[in-house]
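The structure file protein.pdb is reproduced below (PDB, C-alpha atoms).
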ATOM      1  CA  MET A 219      36.120  10.741  37.796  1.00  0.00           C
ATOM      2  CA  LYS A 220      32.428  11.631  38.076  1.00  0.00           C
ATOM      3  CA  PHE A 221      32.662  13.666  34.879  1.00  0.00           C
ATOM      4  CA  LEU A 222      34.299  10.764  33.052  1.00  0.00           C
ATOM      5  CA  ARG A 223      31.490   8.364  34.077  1.00  0.00           C
ATOM      6  CA  PHE A 224      28.854  10.932  33.223  1.00  0.00           C
ATOM      7  CA  GLY A 225      30.486  11.482  29.817  1.00  0.00           C
ATOM      8  CA  MET A 226      30.557   7.737  29.139  1.00  0.00           C
ATOM      9  CA  VAL A 227      26.860   7.404  30.075  1.00  0.00           C
ATOM     10  CA  VAL A 228      25.921  10.332  27.821  1.00  0.00           C
ATOM     11  CA  ALA A 229      27.992   8.907  24.948  1.00  0.00           C
ATOM     12  CA  ALA A 230      26.409   5.457  25.322  1.00  0.00           C
ATOM     13  CA  ALA A 231      22.902   6.942  25.489  1.00  0.00           C
ATOM     14  CA  SER A 232      23.470   9.058  22.379  1.00  0.00           C
ATOM     15  CA  MET A 233      24.722   6.003  20.435  1.00  0.00           C
ATOM     16  CA  VAL A 234      21.604   4.043  21.397  1.00  0.00           C
ATOM     17  CA  LEU A 235      19.300   6.935  20.490  1.00  0.00           C
ATOM     18  CA  ALA A 236      21.115   7.583  17.202  1.00  0.00           C
ATOM     19  CA  ALA A 237      20.931   3.939  16.088  1.00  0.00           C
ATOM     20  CA  PRO A 238      18.502   3.334  13.235  1.00  0.00           C
ATOM     21  CA  ALA A 239      15.292   1.492  13.992  1.00  0.00           C
ATOM     22  CA  ALA A 240      15.586  -2.258  13.631  1.00  0.00           C
ATOM     23  CA  ALA A 241      14.034  -3.706  10.509  1.00  0.00           C
ATOM     24  CA  ALA A 242      10.767  -5.519  11.158  1.00  0.00           C
ATOM     25  CA  ASP A 243       8.312  -7.744   9.327  1.00  0.00           C
ATOM     26  CA  TYR A 244       4.620  -6.902   8.861  1.00  0.00           C
ATOM     27  CA  SER A 245       1.848  -9.349   7.934  1.00  0.00           C
ATOM     28  CA  TYR A 246      -1.522  -8.366   6.452  1.00  0.00           C
ATOM     29  CA  THR A 247      -4.629 -10.370   5.531  1.00  0.00           C
ATOM     30  CA  GLY A 248      -8.098  -9.539   4.283  1.00  0.00           C
ATOM     31  CA  THR A 249     -10.517  -9.805   1.391  1.00  0.00           C
ATOM     32  CA  LEU A 250     -11.202  -7.666  -1.637  1.00  0.00           C
ATOM     33  CA  SER A 251     -14.809  -6.593  -2.133  1.00  0.00           C
ATOM     34  CA  ASP A 252     -14.398  -6.416  -5.921  1.00  0.00           C
ATOM     35  CA  PRO A 253     -11.799  -7.891  -8.343  1.00  0.00           C
ATOM     36  CA  ASN A 254     -10.827  -4.345  -9.415  1.00  0.00           C
ATOM     37  CA  GLU A 255     -10.282  -3.058  -5.864  1.00  0.00           C
ATOM     38  CA  VAL A 256      -6.690  -1.982  -5.158  1.00  0.00           C
ATOM     39  CA  LEU A 257      -5.414  -1.721  -1.581  1.00  0.00           C
ATOM     40  CA  LEU A 258      -2.455   0.496  -0.664  1.00  0.00           C
ATOM     41  CA  PHE A 259       0.085   0.080   2.136  1.00  0.00           C
ATOM     42  CA  ASN A 260       2.876   2.520   3.025  1.00  0.00           C
ATOM     43  CA  PHE A 261       6.190   1.515   4.538  1.00  0.00           C
ATOM     44  CA  SER A 262       9.492   3.188   5.297  1.00  0.00           C
ATOM     45  CA  VAL A 263      13.092   2.044   5.104  1.00  0.00           C
ATOM     46  CA  GLY A 264      15.649   3.705   7.413  1.00  0.00           C
ATOM     47  CA  THR A 265      18.841   2.331   5.865  1.00  0.00           C
ATOM     48  CA  ALA A 266      19.573   0.739   2.501  1.00  0.00           C
ATOM     49  CA  SER A 267      18.339  -2.835   2.785  1.00  0.00           C
ATOM     50  CA  ASP A 268      16.749  -5.738   0.945  1.00  0.00           C
ATOM     51  CA  VAL A 269      12.974  -5.582   1.295  1.00  0.00           C
ATOM     52  CA  THR A 270      10.783  -8.551   0.385  1.00  0.00           C
ATOM     53  CA  LEU A 271       7.100  -8.562  -0.523  1.00  0.00           C
ATOM     54  CA  ARG A 272       5.657 -12.084  -0.293  1.00  0.00           C
ATOM     55  CA  SER A 273       2.038 -13.151  -0.875  1.00  0.00           C
ATOM     56  CA  TYR A 274       0.225 -16.263   0.364  1.00  0.00           C
ATOM     57  CA  SER A 275      -3.174 -15.702  -1.244  1.00  0.00           C
ATOM     58  CA  HIS A 276      -3.155 -18.433  -3.877  1.00  0.00           C
ATOM     59  CA  SER A 277      -0.958 -21.278  -2.616  1.00  0.00           C
ATOM     60  CA  GLY A 278      -1.041 -20.630   1.118  1.00  0.00           C
ATOM     61  CA  GLY A 279       1.818 -20.897   3.603  1.00  0.00           C
ATOM     62  CA  THR A 280       3.013 -19.577   6.943  1.00  0.00           C
ATOM     63  CA  MET A 281       3.350 -15.806   7.209  1.00  0.00           C
ATOM     64  CA  ALA A 282       6.055 -13.908   9.097  1.00  0.00           C
ATOM     65  CA  ASP A 283       3.708 -13.494  12.091  1.00  0.00           C
ATOM     66  CA  ALA A 284       3.152 -17.312  12.130  1.00  0.00           C
ATOM     67  CA  THR A 285      -0.385 -17.081  10.699  1.00  0.00           C
ATOM     68  CA  VAL A 286      -1.069 -20.157   8.591  1.00  0.00           C
ATOM     69  CA  ILE A 287      -2.884 -19.354   5.339  1.00  0.00           C
ATOM     70  CA  GLY A 288      -4.663 -22.115   3.436  1.00  0.00           C
ATOM     71  CA  SER A 289      -4.588 -22.227  -0.349  1.00  0.00           C
ATOM     72  CA  GLY A 290      -7.611 -21.109  -2.330  1.00  0.00           C
ATOM     73  CA  GLY A 291      -7.299 -17.321  -2.613  1.00  0.00           C
ATOM     74  CA  PHE A 292      -7.071 -15.442  -5.913  1.00  0.00           C
ATOM     75  CA  ASP A 293      -3.921 -14.881  -7.964  1.00  0.00           C
ATOM     76  CA  PRO A 294      -2.458 -11.665  -6.448  1.00  0.00           C
ATOM     77  CA  ILE A 295      -0.327  -8.920  -7.969  1.00  0.00           C
ATOM     78  CA  LEU A 296       1.856  -6.670  -5.821  1.00  0.00           C
ATOM     79  CA  ALA A 297       3.287  -3.434  -7.239  1.00  0.00           C
ATOM     80  CA  LEU A 298       5.967  -1.401  -5.437  1.00  0.00           C
ATOM     81  CA  PHE A 299       6.210   2.413  -5.776  1.00  0.00           C
ATOM     82  CA  ASP A 300       8.783   4.822  -4.345  1.00  0.00           C
ATOM     83  CA  GLY A 301       7.974   7.959  -2.339  1.00  0.00           C
ATOM     84  CA  THR A 302       7.268   9.992  -5.484  1.00  0.00           C
ATOM     85  CA  GLY A 303       4.933   7.330  -6.907  1.00  0.00           C
ATOM     86  CA  ASN A 304       7.371   5.888  -9.466  1.00  0.00           C
ATOM     87  CA  LEU A 305       6.934   2.161 -10.142  1.00  0.00           C
ATOM     88  CA  VAL A 306       9.915   0.262  -8.691  1.00  0.00           C
ATOM     89  CA  GLY A 307       8.689  -3.242  -9.476  1.00  0.00           C
ATOM     90  CA  GLN A 308       5.585  -5.332 -10.019  1.00  0.00           C
ATOM     91  CA  ASP A 309       5.169  -9.074  -9.655  1.00  0.00           C
ATOM     92  CA  ASP A 310       2.527 -11.628 -10.415  1.00  0.00           C
ATOM     93  CA  ASP A 311       3.804 -15.224 -10.250  1.00  0.00           C
ATOM     94  CA  SER A 312       7.450 -15.485  -9.109  1.00  0.00           C
ATOM     95  CA  GLY A 313       6.545 -17.137  -5.777  1.00  0.00           C
ATOM     96  CA  PRO A 314       5.156 -20.627  -5.210  1.00  0.00           C
ATOM     97  CA  GLY A 315       2.172 -21.415  -7.431  1.00  0.00           C
ATOM     98  CA  PHE A 316       0.565 -18.117  -8.410  1.00  0.00           C
ATOM     99  CA  ASP A 317       1.953 -16.059  -5.537  1.00  0.00           C
ATOM    100  CA  VAL A 318       4.389 -13.143  -5.389  1.00  0.00           C
ATOM    101  CA  LEU A 319       7.991 -13.079  -4.198  1.00  0.00           C
ATOM    102  CA  LEU A 320       9.445  -9.629  -4.946  1.00  0.00           C
ATOM    103  CA  THR A 321      12.779  -8.596  -3.382  1.00  0.00           C
ATOM    104  CA  ARG A 322      14.458  -5.249  -4.013  1.00  0.00           C
ATOM    105  CA  LEU A 323      17.409  -3.374  -2.513  1.00  0.00           C
ATOM    106  CA  LEU A 324      15.733  -0.142  -1.394  1.00  0.00           C
ATOM    107  CA  GLN A 325      17.364   3.107  -0.340  1.00  0.00           C
ATOM    108  CA  PRO A 326      16.146   4.963   2.767  1.00  0.00           C
ATOM    109  CA  GLY A 327      12.749   6.529   2.197  1.00  0.00           C
ATOM    110  CA  ASP A 328       9.026   5.961   1.981  1.00  0.00           C
ATOM    111  CA  TYR A 329       7.383   3.424  -0.319  1.00  0.00           C
ATOM    112  CA  THR A 330       3.896   2.197  -1.262  1.00  0.00           C
ATOM    113  CA  VAL A 331       2.834  -1.323  -2.176  1.00  0.00           C
ATOM    114  CA  SER A 332      -0.470  -2.089  -3.897  1.00  0.00           C
ATOM    115  CA  VAL A 333      -2.384  -5.367  -3.611  1.00  0.00           C
ATOM    116  CA  MET A 334      -4.746  -6.401  -6.412  1.00  0.00           C
ATOM    117  CA  ALA A 335      -6.143  -9.403  -8.269  1.00  0.00           C
ATOM    118  CA  TYR A 336      -4.761 -10.681 -11.566  1.00  0.00           C
ATOM    119  CA  SER A 337      -4.856  -9.044 -14.220  1.00  0.00           C
ATOM    120  CA  ASN A 338      -5.322  -5.616 -12.647  1.00  0.00           C
ATOM    121  CA  PHE A 339      -1.733  -4.435 -13.273  1.00  0.00           C
ATOM    122  CA  ALA A 340      -0.429  -0.907 -12.640  1.00  0.00           C
ATOM    123  CA  ASN A 341      -1.030   1.230 -15.757  1.00  0.00           C
ATOM    124  CA  GLY A 342       2.318   2.837 -16.105  1.00  0.00           C
ATOM    125  CA  PRO A 343       5.459   4.166 -14.584  1.00  0.00           C
ATOM    126  CA  ASN A 344       3.660   6.086 -11.815  1.00  0.00           C
ATOM    127  CA  LEU A 345       1.016   5.341  -9.182  1.00  0.00           C
ATOM    128  CA  SER A 346      -0.989   8.306 -10.494  1.00  0.00           C
ATOM    129  CA  ASN A 347      -1.539   6.375 -13.775  1.00  0.00           C
ATOM    130  CA  GLY A 348      -3.911   4.053 -11.907  1.00  0.00           C
ATOM    131  CA  PHE A 349      -4.644   0.408 -12.631  1.00  0.00           C
ATOM    132  CA  GLN A 350      -6.126  -1.575 -15.549  1.00  0.00           C
ATOM    133  CA  ASN A 351      -9.419  -2.501 -13.812  1.00  0.00           C
ATOM    134  CA  THR A 352      -9.428  -5.938 -15.469  1.00  0.00           C
ATOM    135  CA  GLY A 353      -9.129  -7.978 -12.264  1.00  0.00           C
ATOM    136  CA  SER A 354     -10.643 -11.412 -11.732  1.00  0.00           C
ATOM    137  CA  PHE A 355     -10.872 -13.782  -8.780  1.00  0.00           C
ATOM    138  CA  GLY A 356     -10.720 -16.692 -11.244  1.00  0.00           C
ATOM    139  CA  GLY A 357     -13.369 -18.673  -9.379  1.00  0.00           C
ATOM    140  CA  ARG A 358     -11.332 -18.599  -6.153  1.00  0.00           C
ATOM    141  CA  SER A 359     -11.960 -16.810  -2.848  1.00  0.00           C
ATOM    142  CA  GLN A 360     -11.538 -13.040  -2.412  1.00  0.00           C
ATOM    143  CA  SER A 361      -8.892 -13.587   0.310  1.00  0.00           C
ATOM    144  CA  TRP A 362      -5.422 -12.085   0.198  1.00  0.00           C
ATOM    145  CA  ALA A 363      -2.424 -12.351   2.530  1.00  0.00           C
ATOM    146  CA  PHE A 364       1.048 -10.856   2.224  1.00  0.00           C
ATOM    147  CA  ASP A 365       4.160  -9.888   4.193  1.00  0.00           C
ATOM    148  CA  VAL A 366       6.343  -6.793   3.971  1.00  0.00           C
ATOM    149  CA  LEU A 367       9.724  -8.006   5.244  1.00  0.00           C
ATOM    150  CA  GLY A 368      12.716  -5.947   6.397  1.00  0.00           C
ATOM    151  CA  VAL A 369      11.219  -2.450   6.793  1.00  0.00           C
ATOM    152  CA  ASP A 370      11.097   0.044   9.659  1.00  0.00           C
ATOM    153  CA  THR A 371       7.345   0.765   9.672  1.00  0.00           C
ATOM    154  CA  ALA A 372       4.319  -0.259   7.606  1.00  0.00           C
ATOM    155  CA  THR A 373       0.635   0.766   7.613  1.00  0.00           C
ATOM    156  CA  GLN A 374      -2.425   0.209   5.465  1.00  0.00           C
ATOM    157  CA  VAL A 375      -3.583   3.508   3.960  1.00  0.00           C
ATOM    158  CA  GLY A 376      -6.710   2.555   2.042  1.00  0.00           C
ATOM    159  CA  ALA A 377      -8.015   1.628  -1.359  1.00  0.00           C
ATOM    160  CA  VAL A 378      -7.736   3.264  -4.763  1.00  0.00           C
ATOM    161  CA  PRO A 379     -11.241   4.333  -5.874  1.00  0.00           C
ATOM    162  CA  GLU A 380     -12.610   2.471  -8.887  1.00  0.00           C
ATOM    163  CA  PRO A 381     -13.568   4.486 -12.009  1.00  0.00           C
ATOM    164  CA  GLY A 382     -17.286   4.136 -11.190  1.00  0.00           C
ATOM    165  CA  THR A 383     -16.639   5.584  -7.739  1.00  0.00           C
ATOM    166  CA  TRP A 384     -14.753   8.529  -9.241  1.00  0.00           C
ATOM    167  CA  ALA A 385     -17.660   9.208 -11.622  1.00  0.00           C
ATOM    168  CA  MET A 386     -20.169   9.143  -8.760  1.00  0.00           C
ATOM    169  CA  MET A 387     -17.954  11.479  -6.684  1.00  0.00           C
ATOM    170  CA  LEU A 388     -17.612  13.944  -9.570  1.00  0.00           C
ATOM    171  CA  MET A 389     -21.371  13.909 -10.195  1.00  0.00           C
ATOM    172  CA  GLY A 390     -21.938  14.516  -6.476  1.00  0.00           C
ATOM    173  CA  PHE A 391     -19.507  17.466  -6.461  1.00  0.00           C
ATOM    174  CA  GLY A 392     -21.180  18.854  -9.597  1.00  0.00           C
ATOM    175  CA  ALA A 393     -24.671  18.542  -8.070  1.00  0.00           C
ATOM    176  CA  THR A 394     -23.476  20.209  -4.871  1.00  0.00           C
ATOM    177  CA  GLY A 395     -21.877  23.056  -6.830  1.00  0.00           C
ATOM    178  CA  PHE A 396     -25.030  23.504  -8.921  1.00  0.00           C
ATOM    179  CA  ALA A 397     -27.214  23.562  -5.779  1.00  0.00           C
ATOM    180  CA  MET A 398     -24.933  26.104  -4.098  1.00  0.00           C
ATOM    181  CA  ARG A 399     -24.878  28.312  -7.195  1.00  0.00           C
ATOM    182  CA  ARG A 400     -28.654  28.110  -7.548  1.00  0.00           C
ATOM    183  CA  ARG A 401     -29.117  28.926  -3.856  1.00  0.00           C
ATOM    184  CA  LYS A 402     -26.873  31.992  -4.163  1.00  0.00           C
ATOM    185  CA  LYS A 403     -29.025  33.346  -7.031  1.00  0.00           C
ATOM    186  CA  VAL A 404     -32.217  32.766  -5.038  1.00  0.00           C
ATOM    187  CA  LEU A 405     -30.758  34.574  -2.027  1.00  0.00           C
ATOM    188  CA  THR A 406     -29.640  37.476  -4.225  1.00  0.00           C
ATOM    189  CA  LEU A 407     -33.131  37.825  -5.712  1.00  0.00           C
ATOM    190  CA  ALA A 408     -34.767  37.691  -2.275  1.00  0.00           C
ATOM    191  CA  SER A 409     -32.595  40.490  -0.872  1.00  0.00           C
ATOM    192  CA  ALA A 410     -33.230  42.850  -3.820  1.00  0.00           C
TER     193      ALA A 410
END
What would the structure in this file look like if it were written as structure tokens?
Amino acid sequence: MKFLRFGMVVAAASMVLAAPAAAADYSYTGTLSDPNEVLLFNFSVGTASDVTLRSYSHSGGTMADATVIGSGGFDPILALFDGTGNLVGQDDDSGPGFDVLLTRLLQPGDYTVSVMAYSNFANGPNLSNGFQNTGSFGGRSQSWAFDVLGVDTATQVGAVPEPGTWAMMLMGFGATGFAMRRRKKVLTLASA
């Protein structure tokens, strides 16, 4: 009898531990420092499910976490990429006013969503193609707000560097490499 109870407890515990994580909703708010800035967020889906990306930047509304957002933010664009960076969907104005309402049936896996100002659309079929860098706040505030609904986990991972930032980084790497190469020659001459 003890073994039967023990077996039932072990079976119940293993079913609870094996159950997929419950889908959750995540709310994010902030401001863009520049109309061409692109913010990235990663999320994962444990089982095939409908996932919704909903913005509140332009028209306002009540977010999933009950935060009330007033209208007045810029016209946002949200682009959805799968775990290999392929563009799954992109939306500009299907929600109320100039906001986003993008729903997709997603298979288990990892995904990335980008947040940017109109008209800074994704450049192609892959995240590695970058963005158009033609964004504008349209005379409105730099505020954004959006929900990721029905996912297992979600986190903000950072911003995509703008072309000017890339150029400065490359010049910095080049200057560092030149300085290191020059220093090596000087050291070689001094030891001879």
Mind checking which residues fall within 9 Å of Ala340 (chain A), counting all atoms listed in the file, ignoring those fewer than 5 positions away in the same chain, and posting them as number ranges by chain? A: 297, 305, 308, 332, 345, 347-350
Given the PyMOL selection byres ((chain A and resi 362-369) around 7) and the file above, list the residues it selects as a ChimeraX atom specification. /A:241-249,261-263,268-275,281-282,291,360-361,370-371
Selection to disk with C-alpha atoms, as a short mmCIF file (atom, residue, chain, number, x, y, z; two decimals), keeping the file's coordinate frame:
data_model
loop_
_atom_site.label_atom_id
_atom_site.label_comp_id
_atom_site.auth_asym_id
_atom_site.auth_seq_id
_atom_site.Cartn_x
_atom_site.Cartn_y
_atom_site.Cartn_z
CA ALA A 241 14.03 -3.71 10.51
CA ALA A 242 10.77 -5.52 11.16
CA ASP A 243 8.31 -7.74 9.33
CA TYR A 244 4.62 -6.90 8.86
CA SER A 245 1.85 -9.35 7.93
CA TYR A 246 -1.52 -8.37 6.45
CA THR A 247 -4.63 -10.37 5.53
CA GLY A 248 -8.10 -9.54 4.28
CA THR A 249 -10.52 -9.80 1.39
CA PHE A 261 6.19 1.52 4.54
CA SER A 262 9.49 3.19 5.30
CA VAL A 263 13.09 2.04 5.10
CA ASP A 268 16.75 -5.74 0.94
CA VAL A 269 12.97 -5.58 1.30
CA THR A 270 10.78 -8.55 0.38
CA LEU A 271 7.10 -8.56 -0.52
CA ARG A 272 5.66 -12.08 -0.29
CA SER A 273 2.04 -13.15 -0.88
CA TYR A 274 0.22 -16.26 0.36
CA SER A 275 -3.17 -15.70 -1.24
CA MET A 281 3.35 -15.81 7.21
CA ALA A 282 6.06 -13.91 9.10
CA GLY A 291 -7.30 -17.32 -2.61
CA GLN A 360 -11.54 -13.04 -2.41
CA SER A 361 -8.89 -13.59 0.31
CA ASP A 370 11.10 0.04 9.66
CA THR A 371 7.34 0.76 9.67
#
Using Å and a single decimal, report how far CA of Asn341 (chain A) sits from CA of Pro294 (chain A). 16.0 Å
Who sits within 9 Å of Met334 (chain A), only C-alpha atoms, same chain under 4 positions skipped, as an mmCIF file with C-alpha atoms, in the coordinates of the input:
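This went into selection-v1.cif:
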data_model
loop_
_atom_site.group_PDB
_atom_site.id
_atom_site.type_symbol
_atom_site.label_atom_id
_atom_site.label_comp_id
_atom_site.auth_asym_id
_atom_site.auth_seq_id
_atom_site.Cartn_x
_atom_site.Cartn_y
_atom_site.Cartn_z
ATOM 1 C CA LEU A 250 -11.202 -7.666 -1.637
ATOM 2 C CA PRO A 253 -11.799 -7.891 -8.343
ATOM 3 C CA ASN A 254 -10.827 -4.345 -9.415
ATOM 4 C CA GLU A 255 -10.282 -3.058 -5.864
ATOM 5 C CA VAL A 256 -6.690 -1.982 -5.158
ATOM 6 C CA LEU A 257 -5.414 -1.721 -1.581
ATOM 7 C CA ASP A 293 -3.921 -14.881 -7.964
ATOM 8 C CA PRO A 294 -2.458 -11.665 -6.448
ATOM 9 C CA ILE A 295 -0.327 -8.920 -7.969
ATOM 10 C CA LEU A 296 1.856 -6.670 -5.821
ATOM 11 C CA ALA A 297 3.287 -3.434 -7.239
ATOM 12 C CA ASN A 338 -5.322 -5.616 -12.647
ATOM 13 C CA PHE A 339 -1.733 -4.435 -13.273
ATOM 14 C CA GLY A 353 -9.129 -7.978 -12.264
ATOM 15 C CA TRP A 362 -5.422 -12.085 0.198
#
Residue members of the PyMOL selection byres ((chain A and resi 304) around 7) in the file shown, as an NGL selection string: :A and (299-300 or 302-303 or 305-306 or 343-345)
Give me the result of the PyMOL selection byres ((chain A and resi 290) around 8) on this file, residue by residue, as a VMD selection string. chain A and resid 275 to 278 288 to 289 291 to 292 358 to 359
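Interatomic distance, CA of Phe355 (chain A) against CA of Tyr336 (chain A): 7.4 Å.
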Could you tell me how far CA of Asn260 (chain A) sits from CA of Asp328 (chain A), in Å to one decimal place? 7.1 Å
Name all residues at most 8 Å from Gln325 (chain A) (count all atoms listed in the file; drop same-chain ones fewer than 6 positions away) and give them as a list in words. Val263, Gly264, Thr265, Ala266 and Ser267 of chain A
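Residue nearest Val378 (chain A), chosen from A:Ser346, A:Gly327, A:Gly313, A:Val318 and counting all atoms listed in the file: A:Ser346.
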